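Read through the structure below, which is laid out as structure tokens, and then see the notes.
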Amino acid sequence: MIYDVSHRTAYDYGKPVLRSEHILYLTPQSTPRQRVHRHSLLIEPAPSTKIGLDDYFGNSSSLLAIEEEHSELVIHARSTVEVFAPSPPIVALSAPWEQVASQAKSNGGVHDIGVLQFVSTSRHTRAVKEAIDFASASFPLRRPVLEGALELTQRIYADFAFDSAATDISTPVSHVLQERRGVCQDFAHLAITCLRALGLPARYVSGYLLTYPPPGTEKLQGADASHAWISVWAPEAGWVDFDPTNGIMPADEHITLAIGRDFDDVSPVSGVLLGGSRQRMDVAVDVAVVA
């Protein structure tokens, strides 16, 4: 399917910002299952410098420096992206999870750094006993790794409630496990924590998801949001996506922006300010199918 994506972020500052620098991860990836037809960035006030670069993980990013005094900042990314549904792997035929974990631990030339780096913990995915206990139910002895990952994904979907007021980006996985509530970033971090605690390679995926309004109502402009899910490594299939927020394996309704160890690596907009106070942020996202 082909999508038009609009992602507008607006900041309002209580006092003028004298200078700011930002890094943006708002450019969709070009991959075998995703083609970027168009992409543009509108930034007000206009940056004095804007540099595009590929980061360590191969994501497209933009570095901005805004040197004029400003009390508002608007960053508007617009993209047209074509997404192809991957051929779903037969999860029951993937390698036993212990074999994958053993190879990731001892390596012996089996995997390259592009896989091994996603076994290590990160700030949002530090192993805790509760996560190991939760993961173990989905990974009995010699279970195929992708079969276990799918069940883990479906258990998170079934056992946890989506609640945008329950957490923020600093909420630890242990709290999410205790409260059984959170948002897509929390559920992605939880799934990755569980998988890495068992020694399995798992990575964080940032992007968008096509959403549908309730029956009988029109879709509201700006009512969509950025989304997060995970990828798990299997020797036979490579990286395979799972969406614990929705309990599914993504097909052609997930649009990938960037991949990393956790949210910190791929935050859509981040930066540092000189001056400013009482920052207020407003985000409006639209994902629409192109007729």
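How things are named: the first chain in the structure tokens is A, the next is B, and so on; residues count from 1 in each chain; ligands count from 1 in the order shown.
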Name the residues of stretch 30-260 of chain A that fall into alpha helix (DSSP H) according to DSSP on the backbone, using the chain letters and numbers of this document, as number ranges by chain. A: 97-106, 113-116, 129-136, 145-159, 173-179, 184-197
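Using only C-alpha atoms, the residues found no farther than 6 Å from A:Val81, other than those of its own chain fewer than 3 positions away, are Ile2, Tyr3, Arg35, Val36 and His37 of chain A.
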Kindly save the residues from that selection, with C-alpha atoms included, as a CSV table (one decimal), in the first residue's frame.
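Writing the result to out32.csv gives the following:
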chain,number,residue,atom,x,y,z
A,2,ILE,CA,1.0,3.6,-0.5
A,3,TYR,CA,0.7,6.1,2.3
A,35,ARG,CA,10.0,2.4,-0.8
A,36,VAL,CA,10.1,6.2,-0.1
A,37,HIS,CA,8.6,8.1,-3.0
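When only C-alpha atoms are used to measure the gap to A:Asp12, the shortest distance among A:Leu257, A:Leu73, A:Leu210, A:Ile51 belongs to A:Leu73.
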Between A:Val272, A:Ala202, A:Ile259, A:Leu150, single out the one closest to A:Asp54, counting only C-alpha atoms. A:Ile259
Which residues of stretch 99-192 of chain A have any atom within 12 Å of an atom in stretch 235-238 of chain A when counting only C-alpha atoms, and what is the closest pair of atoms for each, with the distance in Å to one decimal? Order the rows by chain and rising number and write it as CSV.
residue,atom,partner,partner_atom,distance
A:Gln99,CA,A:Pro235,CA,9.8
A:Val100,CA,A:Pro235,CA,7.5
A:Ala101,CA,A:Pro235,CA,11.0
A:Gln103,CA,A:Pro235,CA,9.9
A:Ala104,CA,A:Pro235,CA,10.6
A:Val110,CA,A:Pro235,CA,9.2
A:His111,CA,A:Pro235,CA,8.7
A:Asp112,CA,A:Pro235,CA,11.6
A:Gly114,CA,A:Gly238,CA,10.9
A:Val115,CA,A:Gly238,CA,9.2
A:Pro144,CA,A:Pro235,CA,11.2
A:Val145,CA,A:Pro235,CA,9.7
A:Leu146,CA,A:Ala237,CA,9.4
Residues just named, written with C-alpha atoms as a short mmCIF file (atom, residue, chain, number, x, y, z; two decimals), in the first residue's frame:
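Done, and the output landed in out.cif:
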data_model
loop_
_atom_site.label_atom_id
_atom_site.label_comp_id
_atom_site.auth_asym_id
_atom_site.auth_seq_id
_atom_site.Cartn_x
_atom_site.Cartn_y
_atom_site.Cartn_z
CA GLN A 99 20.47 -22.34 19.90
CA VAL A 100 19.97 -18.71 18.85
CA ALA A 101 20.92 -17.46 22.33
CA GLN A 103 25.22 -18.53 19.04
CA ALA A 104 24.65 -14.92 20.03
CA VAL A 110 27.99 -17.22 13.13
CA HIS A 111 26.53 -13.70 13.45
CA ASP A 112 27.96 -10.29 12.64
CA GLY A 114 24.63 -6.12 13.27
CA VAL A 115 22.97 -8.96 15.20
CA PRO A 144 11.27 -22.28 18.08
CA VAL A 145 12.48 -18.73 18.66
CA LEU A 146 9.89 -17.02 16.44
#
Sel. of strand (DSSP E) residues, stretch 9-130 of chain A, as a VMD selection string: chain A and resid 9 to 24 34 to 44 49 to 54 60 to 66 70 to 83
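As for atom CA of A:Ala95 and atom CA of A:Pro140, they are spaced 13.3 Å apart.
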Spatial neighbours of A:Glu21, max dist 7 Å, only C-alpha atoms, sep filter under 6 positions, as a ChimeraX atom specification: /A:64-66,271-273
Please produce a file of those selected residues containing N, CA and C atoms, as a compact mmCIF listing (two decimals), in the first residue's frame.
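The result, written out as selection.txt:
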# COMPACT_ATOMS: atom_id res chain seq x y z
N LEU A 64 20.13 19.80 12.95
CA LEU A 64 19.74 21.20 12.74
C LEU A 64 20.41 22.09 13.76
N ALA A 65 20.72 23.29 13.33
CA ALA A 65 21.14 24.35 14.25
C ALA A 65 20.31 25.59 13.92
N ILE A 66 19.60 26.12 14.92
CA ILE A 66 18.79 27.33 14.74
C ILE A 66 19.42 28.43 15.58
N GLY A 271 16.84 17.41 21.22
CA GLY A 271 17.77 18.51 21.05
C GLY A 271 18.14 19.18 22.36
N VAL A 272 18.91 20.25 22.22
CA VAL A 272 19.32 21.05 23.37
C VAL A 272 19.03 22.51 23.07
N LEU A 273 18.70 23.28 24.13
CA LEU A 273 18.31 24.67 23.98
C LEU A 273 19.20 25.57 24.83
If you count only C-alpha atoms, which residues fall within 8 Å of A:Leu18, apart from same-chain ones fewer than 2 positions away, as an NGL selection string? :A and (16 or 20 or 67-70 or 273-276)
Restricted to N, CA and C atoms, what would the selected residues look like written as an mmCIF file, in the first residue's frame?
data_model
loop_
_atom_site.group_PDB
_atom_site.id
_atom_site.type_symbol
_atom_site.label_atom_id
_atom_site.label_comp_id
_atom_site.auth_asym_id
_atom_site.auth_seq_id
_atom_site.Cartn_x
_atom_site.Cartn_y
_atom_site.Cartn_z
ATOM 1 N N PRO A 16 12.038 33.317 25.164
ATOM 2 C CA PRO A 16 12.709 33.061 23.881
ATOM 3 C C PRO A 16 13.913 32.129 24.026
ATOM 4 N N SER A 20 19.282 26.774 19.390
ATOM 5 C CA SER A 20 18.927 25.379 19.642
ATOM 6 C C SER A 20 19.549 24.481 18.587
ATOM 7 N N GLU A 67 19.946 29.445 14.941
ATOM 8 C CA GLU A 67 20.737 30.464 15.635
ATOM 9 C C GLU A 67 19.988 31.760 15.872
ATOM 10 N N GLU A 68 18.794 31.900 15.304
ATOM 11 C CA GLU A 68 18.031 33.118 15.569
ATOM 12 C C GLU A 68 17.116 32.911 16.773
ATOM 13 N N GLU A 69 16.867 33.981 17.495
ATOM 14 C CA GLU A 69 16.005 33.914 18.672
ATOM 15 C C GLU A 69 14.591 33.517 18.249
ATOM 16 N N HIS A 70 13.971 32.612 19.011
ATOM 17 C CA HIS A 70 12.624 32.177 18.652
ATOM 18 C C HIS A 70 11.854 31.720 19.884
ATOM 19 N N LEU A 273 18.699 23.277 24.125
ATOM 20 C CA LEU A 273 18.310 24.675 23.978
ATOM 21 C C LEU A 273 19.200 25.569 24.826
ATOM 22 N N LEU A 274 19.449 26.769 24.332
ATOM 23 C CA LEU A 274 20.039 27.842 25.119
ATOM 24 C C LEU A 274 18.938 28.867 25.340
ATOM 25 N N GLY A 275 18.472 28.979 26.587
ATOM 26 C CA GLY A 275 17.341 29.860 26.881
ATOM 27 C C GLY A 275 16.048 29.061 26.876
ATOM 28 N N GLY A 276 14.933 29.777 26.836
ATOM 29 C CA GLY A 276 13.628 29.136 26.832
ATOM 30 C C GLY A 276 13.203 28.694 28.227
#
For each of A:Asn59, A:Ser94, A:Thr9, A:Thr125, take the minimum atom-to-atom distance to A:Ser206, counting only C-alpha atoms, then give the residue where this is smallest. A:Asn59
